[in-house]
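Written out below as structure tokens is the structure these notes cover.
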Amino acid sequence: RGQKMAETFVCGGVAAACSICIVNPIDVVKSRLQMQGELAAAGGRKAFTGVASGLQQIYMMEGVRGLYRGLVPAILFQTVGNGIRFGVYYAGKQVVGVDKKMDSRTNFLLAMTAGGLAGVICCPFFTLKTQFQVQSSASELATGHQHAHRGVLDAVATIFREQGVRGFFAGLPAFVARCVMLVAAQMTTYDWVKDRIVKSKAPGDDGKVRDTPVDHMISSAIAAGAACVAMQPFDLIGSRMMNQPVSKTGQPVLYSSPVDCFNKILRSEGPGGLYKGVLANYTRMCPQYILTFMFFEQFMKVAKEVRK
């Protein structure tokens, strides 16, 4: 059992790392859209009007490097975060004995636990990822506060020098809520949809019903939609708090807490401000989850064969 649990941690983390390398450009656009028009009334200048135009503009003005800003912390975030999510979730199912049957309530509680744990541990990686992705080398494409990090080590040193350890955990409550909502919606929806699809099939010649990569793709696409809707406001609030400037004494300039950030966004940008970048988020999450779950399922099958 211990070896199988370890496999879920490793396969989940590696699967997510592989997928983010493909969809990181969309994640960059999402991050910049979330910062666009920060605390400004509607109708101001917009650097980006959508996902496709955003990808094109960044490529034209910043090149491929611009599309892959923040890739190193993004890989760390996805590897560690999804290793924890998949590991805790599927290992937990084995421990409580629901790995062979559908139990939506238990799955939901396990997913919330996995999401919360991943949020606390991975907050520093997400902070670094956000600041790098928003940082632009083209002034015309600058949205939100612009940091001047020269690399990951420089960013770590700068944040620690200006704010100490707490700088890596800015917006932690909102980020943990984001991770809890995301994983709870993602994992439980994926398992539920896949279970419904498999149960609707006729058994094969050997009397067994098997899931296929197409089943994984459909389940992932639906799970991505559920996760995106559930976590978007928390994702935006967490990202804004992580990217905001700080004073000379290391105090946040724009938002003092997630609640303060929420209230200011509502007053300045309206309810729609909480869902800035939601389409980009789904455009990123849908292929990412399809790739992650497909990679995960295939990696687990390989691990099972190796174990035999």
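Naming scheme: A, B, ... for chains in displayed order of the structure tokens; residues 1 onward per chain; ligands 1 onward as shown.
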Fewer than 3 positions away in the same chain doesn't count, so skip those; otherwise give me all residues within 8 Å of A:Ala177, counting only C-alpha atoms, as a ChimeraX atom specification. /A:116,119,173-174,180-181,231,234
List as an MDAnalysis selection string the protein and nucleic acid residues near A:His147, meaning an atom at most 9 Å away when only C-alpha atoms are counted, but skip any in the same chain fewer than 3 places from it. chainID A and resid 131:132 134:136 155 243 245
So which residues touch A:Glu297 within 12 Å, counting only C-alpha atoms, skipping near sequence neighbours fewer than 4 positions away, as a list in words?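 Non-adjacent residues within range: Glu7, Thr8, Cys11, Gly12, Val14, Ala15, Ala16, Phe86, Asp211, Thr212, Pro213, Val214, Asp215, His216, Met217, Ser220, Tyr289, Ile290, Leu291, Thr292, Phe293, Lys301, Val302, Ala303 and Lys304 of chain A.
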Take the residues from that selection and write them out as a CSV table (one decimal), in the first residue's frame, keeping N, CA, C and O atoms.
chain,number,residue,atom,x,y,z
A,7,GLU,N,3.3,6.3,-5.4
A,7,GLU,CA,3.1,6.5,-6.8
A,7,GLU,C,2.2,7.6,-7.2
A,7,GLU,O,2.4,8.3,-8.1
A,8,THR,N,1.1,7.7,-6.4
A,8,THR,CA,0.1,8.8,-6.6
A,8,THR,C,0.7,10.2,-6.5
A,8,THR,O,0.5,11.1,-7.2
A,11,CYS,N,3.4,10.5,-9.5
A,11,CYS,CA,2.7,10.5,-10.8
A,11,CYS,C,1.9,11.8,-11.0
A,11,CYS,O,1.8,12.4,-12.0
A,12,GLY,N,1.2,12.2,-9.9
A,12,GLY,CA,0.4,13.4,-9.9
A,12,GLY,C,1.3,14.7,-10.1
A,12,GLY,O,0.9,15.5,-10.9
A,14,VAL,N,4.4,14.8,-11.5
A,14,VAL,CA,5.1,14.8,-12.8
A,14,VAL,C,4.1,15.1,-13.9
A,14,VAL,O,4.4,15.8,-14.8
A,15,ALA,N,2.9,14.6,-13.8
A,15,ALA,CA,1.8,14.8,-14.8
A,15,ALA,C,1.5,16.3,-14.8
A,15,ALA,O,1.4,16.9,-15.9
A,16,ALA,N,1.4,17.0,-13.7
A,16,ALA,CA,1.1,18.4,-13.7
A,16,ALA,C,2.2,19.2,-14.2
A,16,ALA,O,2.0,20.2,-14.9
A,86,PHE,N,-3.0,15.0,-5.6
A,86,PHE,CA,-3.3,13.6,-6.0
A,86,PHE,C,-2.9,12.6,-4.9
A,86,PHE,O,-3.7,11.7,-4.7
A,211,ASP,N,-12.2,2.2,-18.5
A,211,ASP,CA,-12.2,3.6,-18.9
A,211,ASP,C,-11.2,3.9,-19.9
A,211,ASP,O,-10.2,3.1,-20.0
A,212,THR,N,-11.3,4.9,-20.8
A,212,THR,CA,-10.4,5.1,-21.9
A,212,THR,C,-9.9,6.6,-21.8
A,212,THR,O,-10.4,7.4,-21.1
A,213,PRO,N,-8.9,6.9,-22.6
A,213,PRO,CA,-8.4,8.3,-22.6
A,213,PRO,C,-9.5,9.3,-23.0
A,213,PRO,O,-9.5,10.4,-22.5
A,214,VAL,N,-10.4,8.9,-23.8
A,214,VAL,CA,-11.5,9.8,-24.2
A,214,VAL,C,-12.4,10.1,-23.0
A,214,VAL,O,-12.8,11.2,-22.8
A,215,ASP,N,-12.6,9.1,-22.1
A,215,ASP,CA,-13.4,9.3,-20.9
A,215,ASP,C,-12.6,10.2,-20.0
A,215,ASP,O,-13.3,11.1,-19.4
A,216,HIS,N,-11.3,10.1,-19.9
A,216,HIS,CA,-10.5,11.0,-19.1
A,216,HIS,C,-10.6,12.4,-19.6
A,216,HIS,O,-10.7,13.4,-18.8
A,217,MET,N,-10.6,12.6,-20.9
A,217,MET,CA,-10.7,13.9,-21.5
A,217,MET,C,-12.0,14.6,-21.2
A,217,MET,O,-12.0,15.8,-20.8
A,220,SER,N,-12.2,15.5,-17.5
A,220,SER,CA,-11.3,16.6,-17.2
A,220,SER,C,-11.9,17.9,-17.6
A,220,SER,O,-11.8,18.9,-16.9
A,289,TYR,N,-6.0,20.4,-17.4
A,289,TYR,CA,-6.5,19.3,-16.6
A,289,TYR,C,-6.7,18.0,-17.5
A,289,TYR,O,-6.5,16.9,-17.0
A,290,ILE,N,-7.0,18.2,-18.8
A,290,ILE,CA,-7.1,17.1,-19.7
A,290,ILE,C,-5.7,16.4,-19.7
A,290,ILE,O,-5.6,15.2,-19.6
A,291,LEU,N,-4.7,17.2,-20.0
A,291,LEU,CA,-3.4,16.7,-20.1
A,291,LEU,C,-2.9,16.1,-18.7
A,291,LEU,O,-2.3,15.0,-18.7
A,292,THR,N,-3.2,16.8,-17.6
A,292,THR,CA,-2.7,16.3,-16.3
A,292,THR,C,-3.4,14.9,-16.0
A,292,THR,O,-2.7,14.0,-15.6
A,293,PHE,N,-4.7,14.9,-16.1
A,293,PHE,CA,-5.4,13.6,-15.8
A,293,PHE,C,-5.0,12.5,-16.7
A,293,PHE,O,-4.9,11.3,-16.3
A,301,LYS,N,-0.7,3.7,-14.8
A,301,LYS,CA,-0.7,2.3,-15.4
A,301,LYS,C,0.7,1.8,-15.6
A,301,LYS,O,0.9,0.6,-15.4
A,302,VAL,N,1.6,2.7,-16.0
A,302,VAL,CA,3.0,2.3,-16.1
A,302,VAL,C,3.6,1.8,-14.8
A,302,VAL,O,4.2,0.8,-14.7
A,303,ALA,N,3.3,2.6,-13.8
A,303,ALA,CA,3.8,2.3,-12.4
A,303,ALA,C,3.2,1.0,-11.9
A,303,ALA,O,3.9,0.2,-11.3
A,304,LYS,N,2.0,0.7,-12.3
A,304,LYS,CA,1.3,-0.6,-11.9
A,304,LYS,C,2.0,-1.7,-12.6
A,304,LYS,O,2.3,-2.8,-11.9
Write out as a ChimeraX atom specification which residues come within 7 Å of A:Ala118 when counting only C-alpha atoms, dropping same-chain ones fewer than 2 positions away. /A:81,84-85,114-116,120-122
Excluding A:Gly238 and its own-chain neighbours fewer than 3 positions away, which residues fall within 9 Å of it when counting only C-alpha atoms? Please give them as a list in words.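 Listing them by chain and then by number gives Thr127, Ala170, Gly171, Leu172, Pro173, Ala174, Phe175, Val176, Arg178, Pro233, Phe234, Asp235, Met241, Met242, Asn243, Pro258 and Cys261 of chain A.
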Pick out the residues sitting within 9 Å of A:Leu141, and hand them over as a ChimeraX atom specification; count only C-alpha atoms, and ignore anything fewer than 3 positions along from it in its own chain. /A:32,46-48,57-58,61,136-138
Could you please determine the separation between atom CA of A:Leu110 and atom CA of A:Tyr89 in Å, to one decimal place?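 Computing the Euclidean distance for atom CA of A:Leu110 and atom CA of A:Tyr89 yields 5.5 Å.
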For atom CA of A:Asn281 and atom CA of A:Asn107, quote the distance in Å rounded to one decimal.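 Atom-to-atom, atom CA of A:Asn281 to atom CA of A:Asn107, that is 24.2 Å.
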Can you tell me, as a ChimeraX atom specification, what residues are no more than 8 Å from A:Ala226 when counting only C-alpha atoms, ignoring any on the same chain fewer than 2 positions away? /A:185-186,189,222-224,228-230
Distance in Å - atom CA of A:Ala142 versus atom CA of A:Gln232: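 Computed distance, atom CA of A:Ala142 to atom CA of A:Gln232, equals 21.8 Å.
Proximity to A:Asn82 was assessed for A:Val209, A:Val193, A:Val95, A:Val183 counting only C-alpha atoms; the smallest distance is recorded for A:Val183.
Residues of stretch 67-104 of chain A that DSSP, applied to the backbone, places in alpha helix (DSSP H): A:Leu67, A:Leu71, A:Val72, A:Pro73, A:Ala74, A:Ile75, A:Leu76, A:Phe77, A:Gln78, A:Thr79, A:Val80, A:Gly81, A:Asn82, A:Gly83, A:Ile84, A:Arg85, A:Phe86, A:Gly87, A:Val88, A:Tyr89, A:Tyr90, A:Ala91, A:Gly92, A:Lys93, A:Gln94, A:Val95, A:Val96, A:Ser104.
Between A:Met5 and the residues A:Tyr90, A:Trp192, A:Phe169, A:Phe262, the shortest atom-to-atom distance, using only C-alpha atoms, involves A:Tyr90.
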So which one's closest to A:Leu117, A:Ile22, A:Leu236, A:Cys179, A:Leu67? Using only C-alpha atoms, please.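 Ranking A:Ile22, A:Leu236, A:Cys179, A:Leu67 by distance to A:Leu117, first place goes to A:Cys179.
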